[in-house]
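Below is one structure, written out as structure tokens; the observations come after it.
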Amino acid sequence: MGKGNSKQHQPNSNESTHNLKGTFIAVMLLGVFILVSWFGFYALFLSR
Amino acid sequence: MTKVQLPLSKKESRLYMAFMWVTYISLFVGGLMGLLQTLVRSGKYTLPFNIDYYTILTVHGVILGLVLTTFFIIGFQFSLMGKTVGISDKQLKVAWLSFWVMLVGTIMAAITILVGEASVLYTFYAPLRAHPAFYIGLALVIVGSWIAAFVNFRQLYVWKKAHKGEKSPLPAFMVIINMLMWFIATIGVATSVLVLFIPWSLGYAETINVLLSRTLFWYFGHPLVYFWLLPAYMAWYVVIPKIIGGKLFSDALARMAFILLLMFSIPVGFHHQLTEPGIDPTWKFIQVVLTFMVVIPSLMTAFSIFATFETTGRRKGFKSLFGWFKKLPWKDVRFLAPFIGMAAFIPGGAGGIVNASHQMNALVHNTIWITGHFHLTAATTVVLTFFGITYWLVPHLTGRRLTPRLNKLGIIQTFIWTFGMTIMSGSMHIQGLLGGPRRSSFSEYAGGEQVATWINYQIAQAVGGTILFIGILLMVYIFIQLTFFAPRGVQEYPIAVEEDDAEPTPKILENWYLWIGITIALILFAYTIPVIDIIKHSPPGSPPFDWLIGR
């Protein structure tokens with residue numbers, strides 16, 4: 001099977017390949033999702 | 001991280017394929033039982049030939065939860081070891097012994113269940129008593145898996161002796177962690193089966209300590225779910241980066257995550273027993289806190305995966321914040337199936353935190369929410385990753401290729417699975433919050449008002465279950481194609497290498513004495529006092545109950 005990526009550009013400098021802003025935001029969103037869902041179920045627990 | 005991949009000999013490949021065969025036969029049998037269960041629970045179907053609902057429920061749980069998983073994992077792990085540290089002829093012979101012992105145990109347990117002598121569900125809670133052959137069969141499966149574990153330990157030991165001072169290959173390190181965890185955890189269930197259940201089922205002991213048997217089961221039961229999950233993590237850490245054309249983000253981070261999972265997977269069984277009377281709430285609370293520690297390696301894994309995706313994408317020149325995400329190889333089933341597995345772990349993990357949250361557990365404990373939860377974690381996250389591995393592992397072992405047609409069928413299979421599971425697991429979660437019970441066959445419970453709110457969700461589960469069974473048929477078809485009919489060729493065994501500029505892995509991460517020592521210390525801390533309490537203060541043991549399960 002192919003690698004899937006059609007657009008291959010020149011390799012960038014180390015600085016830009018180690019730009020992990022997207023990773024940081026994605027992991028933070030994951031944390032927010034866990035907290036929001038937990039407090040949602042906690043509210044349900046309190047209401048019963 | 002080793003840069004050398006060893007070739008797998010034909011002799012080896014035959015062993016690894018034997019494990020795959022049992023996996024896919026189990027998938028078919030267990031999946032069929034699952035379909036029948038959802039149909040019965042829809043209230044529109046009755047099982048023929050007087051077959052009992054709890055018989056098929058037990059077959060489903062044992063064959064999928066214990067047999068499919070254990071065979072796939074041990075087979076896949078053997079292949080990882082063979083690829084990175086090698087296997088000698090003598091080790092191979094012992095590995096075959098592990099296969100046969102596990103298979104004989106499986107057949108013994110399966111026949112006992114199928115003839116209606118062991119409708120005790122996969123948790124085999126006392127005081128329901130199965131025929132002794134059921135417990136002996138399960139004990140053999142465990143003994144067989146121990147033989148496999150010791151072969152794995154020996155494989156790494158031999159490699160280390162020949163490569164003094166070198167760090168072990170990451171996949172081999174991960175396999176050893178998983179088998180260590182499995183060995184330490186199964187000591188609990190083996191003790192329970194050998195000391196409590198077998199003498200009691202044979203009539204040598206008149207009564208059984210129910211609470212102790214359940215505690216020993218869950219001492220094993222929680223690490224069991226991590227035993228399923230860690231091979232999926234292995235694929236996410238070392239296989240997926242290679243498939244997307246990238247590198248492993250950090251060898252040291254991966255090892256640290258696995259060590260934390262070893263330490264915090266075992267001393268946490270009480271979070272499955274939060275409604276259990278007879279266990280001091282203080283110890284339940286302590287184990288709840290230890291359970292929450294598992295969030296750390298899970299989030300480390302999430303970070304590492306996102307970082308691999310982003311680094312790979314940026315190296316290919318994608319500059320926007322999430323541009324790299326769009327360019328992942330979505331049309332490659334070796335990536336897509338495990339990716340959906342990862343995505344399912346987000347709600348699956350969040351649900352798990354709810355389950356483990358002591359008092360909040362009361363909201364969901366005996367409800368079908370729990371069933372929905374483990375169909376998201378085990379039957380989606382783990383199973384889709386195992387399918388993703390199958391697409392390259394089986395042709396690699398049989399000397400064939402994953403063709404574009406089979407890749408496309410795999411993508412269709414992945415979507416069928418995702419669609420079916422979203423309906424089934426989603427409706428289980430909602431019905432659970434409405435109070436719908438788990439484990440039970442169809443009942444109108446004498447027409448209660450609340451009961452009327454459940455039936456539509458049960459019908460939805462039958463729809464989802466039917467879609468999933470179509471997915472199973474397609475997956476078995478793909479497995480047969482990859483085994484016998486796909487064109488001859490070479491299919492890559494994808495193992496990623498580490499980033500060139502990664503920090504060196506600290507030697508302490510391979511200090512087995514330290515990590516095993518901490519693991520045992522945590523187990524002793526979390527279990528010693530409560531188990532002494534349980535033994536000292538338990539009510540009189542229970543005689544067996546056979547008539548409840550139609551024996």
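By convention here, the chains of the structure tokens are called A, B, ... in the order presented, each chain's residues are numbered starting at 1, and ligands are numbered starting at 1 in the order presented.
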
Given a cut-off of 7 Å, which residues of chain B touch chain A, counting only C-alpha atoms, written out as a list in words?
Ile243, Ile244, Gly245, Ala302, Phe303, Phe306, Ala307, Glu310, Thr311, Arg314, Arg315, Lys316, Gly317, Leu321, Phe322, Lys327, Leu328, Pro329, Lys331, Asp332, Ala350, Val354, Met360 and Leu363 of chain B

Print the selection's residues with C-alpha atoms to a file, as a PDB file, in the first residue's frame.
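Below is the file that was written, part.pdb:
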```pdb
ATOM      1  CA  ILE B 243       2.624   3.475   8.086  1.00  0.00           C
ATOM      2  CA  ILE B 244       2.153   7.256   7.925  1.00  0.00           C
ATOM      3  CA  GLY B 245       5.737   7.677   6.732  1.00  0.00           C
ATOM      4  CA  ALA B 302      -2.300  10.632  23.171  1.00  0.00           C
ATOM      5  CA  PHE B 303       0.405  13.326  23.181  1.00  0.00           C
ATOM      6  CA  PHE B 306      -0.556  13.618  17.975  1.00  0.00           C
ATOM      7  CA  ALA B 307       3.117  14.627  18.009  1.00  0.00           C
ATOM      8  CA  GLU B 310       2.146  16.613  13.448  1.00  0.00           C
ATOM      9  CA  THR B 311       5.909  16.101  13.080  1.00  0.00           C
ATOM     10  CA  ARG B 314       5.262  19.283   9.027  1.00  0.00           C
ATOM     11  CA  ARG B 315       8.234  17.399   7.617  1.00  0.00           C
ATOM     12  CA  LYS B 316       6.162  16.966   4.480  1.00  0.00           C
ATOM     13  CA  GLY B 317       5.664  20.717   4.392  1.00  0.00           C
ATOM     14  CA  LEU B 321      -2.160  24.484  12.649  1.00  0.00           C
ATOM     15  CA  PHE B 322      -4.035  21.287  11.727  1.00  0.00           C
ATOM     16  CA  LYS B 327      -3.049  14.614   4.882  1.00  0.00           C
ATOM     17  CA  LEU B 328      -2.891  11.466   6.954  1.00  0.00           C
ATOM     18  CA  PRO B 329      -3.246   8.281   4.843  1.00  0.00           C
ATOM     19  CA  LYS B 331      -7.275   5.551   2.321  1.00  0.00           C
ATOM     20  CA  ASP B 332      -4.879   3.031   3.854  1.00  0.00           C
ATOM     21  CA  ALA B 350     -13.887   9.473  29.498  1.00  0.00           C
ATOM     22  CA  VAL B 354     -16.941   8.124  35.242  1.00  0.00           C
ATOM     23  CA  MET B 360     -20.630   8.203  40.625  1.00  0.00           C
ATOM     24  CA  LEU B 363     -25.134   5.887  38.567  1.00  0.00           C
TER      25      LEU B 363
END
```

Selection: 10 Å around Ser542 in chain B, only C-alpha atoms, excl. self and same-chain fewer than 6 positions, as a PyMOL selection string:
chain B and resi 126-128+206-210

Writer output for current selection, N, CA and C atoms, as a tab-separated table (two decimals), in the first residue's frame:
```tsv
chain	number	residue	atom	x	y	z
B	126	ALA	N	-19.07	-16.78	41.94
B	126	ALA	CA	-19.68	-17.70	42.89
B	126	ALA	C	-20.87	-16.95	43.50
B	127	PRO	N	-21.91	-17.63	43.99
B	127	PRO	CA	-21.98	-19.08	44.20
B	127	PRO	C	-22.58	-19.87	43.03
B	128	LEU	N	-22.68	-19.28	41.82
B	128	LEU	CA	-23.07	-20.09	40.68
B	128	LEU	C	-21.95	-21.09	40.43
B	206	GLU	N	-17.14	-27.72	50.80
B	206	GLU	CA	-18.60	-27.57	50.82
B	206	GLU	C	-19.03	-26.15	50.47
B	207	THR	N	-18.21	-25.19	50.89
B	207	THR	CA	-18.60	-23.78	50.68
B	207	THR	C	-17.45	-23.01	50.03
B	208	ILE	N	-17.80	-21.80	49.56
B	208	ILE	CA	-16.78	-20.94	48.94
B	208	ILE	C	-16.91	-19.54	49.53
B	209	ASN	N	-15.77	-18.85	49.69
B	209	ASN	CA	-15.79	-17.47	50.16
B	209	ASN	C	-16.06	-16.59	48.93
B	210	VAL	N	-17.32	-16.16	48.80
B	210	VAL	CA	-17.76	-15.45	47.59
B	210	VAL	C	-16.97	-14.15	47.40
```

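Of the residues listed (B:Leu57, B:Met20, B:Leu138, B:Ile147), B:Met20 shows the shortest atom-to-atom separation from Phe387 in chain B; distances use only C-alpha atoms.
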
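The interatomic distance for the pair CA of Asp251 in chain B and CA of Glu498 in chain B works out to 6.5 Å.
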
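Nearest residue to Glu444 in chain B, choosing from B:Gly348, B:Pro132, B:Pro169, B:Gly43 and counting only C-alpha atoms: B:Gly43.
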
Using only C-alpha atoms, determine which residues lie at most 9 Å from Phe124 in chain B, disregarding the query and same-chain residues fewer than 5 positions distant; provide the list as JSON, numbers by chain.
{"B": [58, 118, 119, 129, 130, 214, 217]}

One number please: CA of Gln77 in chain B to CA of Val94 in chain B, in Å, one decimal.
15.1 Å

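The spacing separating CA of Tyr477 in chain B from CA of Asn407 in chain B amounts to 12.6 Å.
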
May I ask which of the residues B:Asn152, B:Gly464, B:Ile423, B:Thr505 is the closest one to Ala254 in chain B, counting only C-alpha atoms?
B:Thr505

Residue neighbourhood Phe485 in chain B, 12 Å, only C-alpha atoms, exclusion window fewer than 4 positions, as a count of residues only:
15
